[in-house]
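**Q** Below is the structure I would like to discuss, written out as structure tokens.
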Amino acid sequence: MTVKSTSRARKKAAPGVPDPARAGVGAEPELVQLLTPEGERVEHPEFPLTVTPEELRSLYRDLVLVRRFDAEATSLQRQGELGLWASLLGQEAAQVGSGRAMRAGDYAFPTYREHGVAWCRDVDPLNLLGMFRGVNNGGWDPNEKNFHLYTIVIGAQTLHATGYAMGIAKDGADDAVIAYFGDGASSQGDVNEAFTFASVYNSPVVFFCQNNQWAISEPTAVQTRIPLYRRASGFGFPGVRVDGNDVLAVLAVTRWALDHARTGQGPVLVEAFTYRMGAHTTSDDPTRYRQSEETESWKAKDPILRLKAHLEKEGLADEAFFAAVEAESETLGLRVREGVRSMPDPDPTLIFDHVYSEPHPLVDEERAEYEAYAASFEGGEHH
Amino acid sequence: MAGQLSIAKALNGALRKSLESDPKTVLMGEDIGKLGGVFRITDGLQKDFGDDRVIDTPLAESGIVGTAIGLALRGYRPVVEIQFDGFVYPAFDQIVSQLAKMHARALGHVKMPITVRIPYGGGIGAVEHHSESHEAYFAHTAGLRVVSPSNAHDAHWMLRQSIESDDPVVFLEPKRRYWDKGEVGEDPLLPLHAARIVRPGTDATLIAYGPMVKVCQEAAQAAEEDGRRLEVVDLRSLSPVDFATLEESVKRTGRGIVVHEAPVFLGLGAELAARLTERCFYHLEAPILRVGGYHAPYPPSRVEETYLPDLDRVLDAVDRALAF
């Protein structure tokens with residue numbers, strides 16, 4: 001008996017077998033929720049929200065169009081038009097809610113999955129597809145819409161966001177920054193360094209963690225032993241866990257967090273508790289690492305269905321409205337499909353463009369060599 | 001600026017001038033405020049410009065460079081200090097994958113006018129991770145400019161030119177020369193990326209940068225006593241390299257020897273030797289030789305003199321080149 005209990009204890013302590021129950025990360029404690037999965041409006045004492053029927057309909061439209069854009073991109077990847085796609089399916093409310101909480105002067109630093117935030121910042125969806133099609137490595141002017149380039153190295157952008165927020169504070173401006181990252185990124189050194197810098201400089205930045213439960217195949221329990229929002233307290237700033245599939249709760253909490261940051265009260269960590277319904281990217285196969293029952297249980301919390309249920313229950317939208325949104329989504333799908341297919345390949349000399357902002361002799365030399373080499377093929381085969 | 005100044009003072013003066021001339025210039029780093037940096041390069045600057053311009057940072061190199069990127073996006077011109085060469089590696093992603101590529105990824109819409117100052121190289125009897133020469137990693141990365149001064153005048157003016165550049169510059173400070181004195185003139189003599197012939201000669205060209213320029217000057221002096229006239233070129237810029245000046249010199253002398261502290265294998269000398277061979281092949285009397293560190297971790301300081309190129313190792317290479 002003694003031997004058995006020892007071996008059990010050893011097994012429990014062994015690395016590689018995280019216990020979600022022990023970590024407390026699988027539970028759903030202290031979720032801020034303003035709209036139940038059934039579409040019932042509930043109040044939260046700390047995060048009141050007043051929304052007009054028109055705003056509710058507008059949020060619904062955002063959710064539907066963002067999902068449609070994402071679905072179209074996934075299809076385009078399957079058709080060979082995109083090299084890769086990172087789907088946001090299931091995370092629409094977390095992105096639209098936080099994106100709509102931002103003001104014009106606020107700045108977003110995304111990962112590579114924030115298509116819904118880009119939508120809210122009025123970035124042309126086709127811009128987002130260039131990188132995934134392979135025609136550029138970023139491709140837009142981040143300062144045009146205050147939406148930074150997608151960052152692929154996990155967590156690196158949280159430091160850029162914090163530095164930008166430090167600049168806002170220096171300028172004495174009335175703006176704030178949102179840094180997006182995931183549950184996996186919470187393990188990265190850069191994210192923890194960003195928390196430290198933001199905290200000690202009291203920078204106006206909101207760290208917005210979309211905990212979608214999976215970092216490719218690794219569950220949140222491999223990243224943390226405590227609920228992620230509680231990480232903030234160790235750095236000396238508030239953390240809030242919000243129902244990430246509830247667009248109203250995300251809007252209210254993020255709006256509060258941004259105001260907290262912009263009024264000189266320092267950073268906030270918002271953990272949007274949500275679920276990635278699809279694969280990490282189109283290269284991934286989630287059936288290898290997670291149970292279909294889990295995915296099914298999250299379907300019942302779908303962010304679009306719950307807002308639709310609310311609009312119907314309250315009589316805030318009629319069939320004509322839903323049909324109009326559906327028609328708009330068809331138009332968007334068509335625009336994305338045609339836009340991607342007609343996206344031209346870049347001129348090969350793009351390689352040499354913008355490596356530096358000032359002339360660099362090595363780049364000039366290699367460009368000239370390439371151009372001479374390319375020119376040597378012109379008509380050459382016929383002689 | 002007239003008069004004899006140490007390289008350390010020349011750098012301090014350059015930072016002061018840059019802070020004075022552009023309110024968007026900010027300094028960031030560990031211990032750079034009241035302490036003035038562990039080498040006192042930022043001495044007195046926080047007192048005069050305030051802790052909003054001369055910012056003591058948390059002890060986190062990736063954080064220092066990463067937040068500087070954000071500040072640059074906001075319109076600032078950060079000058080960050082990495083305390084020692086061997087401490088830059090935690091910031092490697094931020095420098096080579098983020099900072100170096102941001103301008104290209106944004107199709108030229110954003111600029112990254114960031115200067116990363118790093119005291120580098122050995123010869124001061126330091127402990128592990130305080131004596132390394134990592135210039136090849138950075139020069140290998142497109143998007144970065146990499147420079148290293150060898151004297152007080154260049155230290156001052158190359159730092160000011162680096163800070164004024166709209167591109168990211170890795171500014172390598174030869175720490176064992178910090179206390180060497182020299183005249184600092186009123187104007188820069190050369191553009192940031194020009195090499196300079198510091199001693200003319202006819203028999204072979206010694207190519208060096210940073211801390212090794214002085215070693216090569218001493219070697220050339222010693223060789224002259226044996227009747228050998230060696231030319232010494234201070235590279236100054238490691239990316240881009242001023243090949244025109246090198247090529248002209250090597251064609252004239254027929255021999256080239258590259259000297260650096262970093263390991264020879266895949267070091268900057270390998271690139272210089274390969275390109276100079278391509279360009280000067282019919283003018284060469286001997287293969288381009290390299291003198292540098294060994295393929296070993298930087299050694300304990302009691303044996304670093306074995307690792308570091310010195311006057312004798314340079315002269316030995318000169319003998320070999322002239323024997324062809």
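Residues in the structure tokens are named by chain (A, B, ... in the order shown) and by number from 1 within that chain; ligands are numbered from 1 in the order shown.
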Could you please write out, as an MDAnalysis selection string, every residue of segment 153-291 of chain A that DSSP assigns to helix (DSSP H, G or I)?
**A** chainID A and resid 156:171 184:187 189:200 220:222 228:235 247:265 286:288
**Q** Excluding Asp242 of chain B and residues on its chain fewer than 2 positions from it, collect all residues at most 8 Å away from it, counting only C-alpha atoms, and give them as a list in words.
**A** His193, Ala194, Ala195, Leu235, Ser237, Pro240, Ala244, Thr245 and Leu246 of chain B
**Q** Residues of chain B within 10 Å of chain A, counting only C-alpha atoms - could you list those as a PyMOL selection string?
**A** chain B and resi 24+52-53+57-76+90-91+93-94+97-98+100-113+142-145+165-168+193+239-243
**Q** Near Phe324 of chain B, within 9 Å and counting only C-alpha atoms, which residues show up once chain neighbours fewer than 5 positions away are dropped, as a list in words?
**A**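 Residues meeting the cut-off are Glu285, Ala286 and Pro287 of chain B.
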**Q** For Trp119 of chain A, list every protein, DNA or RNA residue within 8 Å, evaluated using only C-alpha atoms, and leave out those in the same chain fewer than 5 positions away; present the list as a list in words.
**A**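 Using only C-alpha atoms, the neighbours found are Asp62, Val66, Asp124 and Pro125 of chain A.
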**Q** Selected residues, C-alpha atoms, written as a PDB file, in the first residue's frame, please.
**A**
```
ATOM      1  CA  ASP A  62     -20.224  43.209 -36.870  1.00  0.00           C
ATOM      2  CA  VAL A  66     -16.552  39.171 -39.156  1.00  0.00           C
ATOM      3  CA  ASP A 124      -9.778  46.786 -45.231  1.00  0.00           C
ATOM      4  CA  PRO A 125     -10.156  43.001 -44.746  1.00  0.00           C
TER       5      PRO A 125
END
```
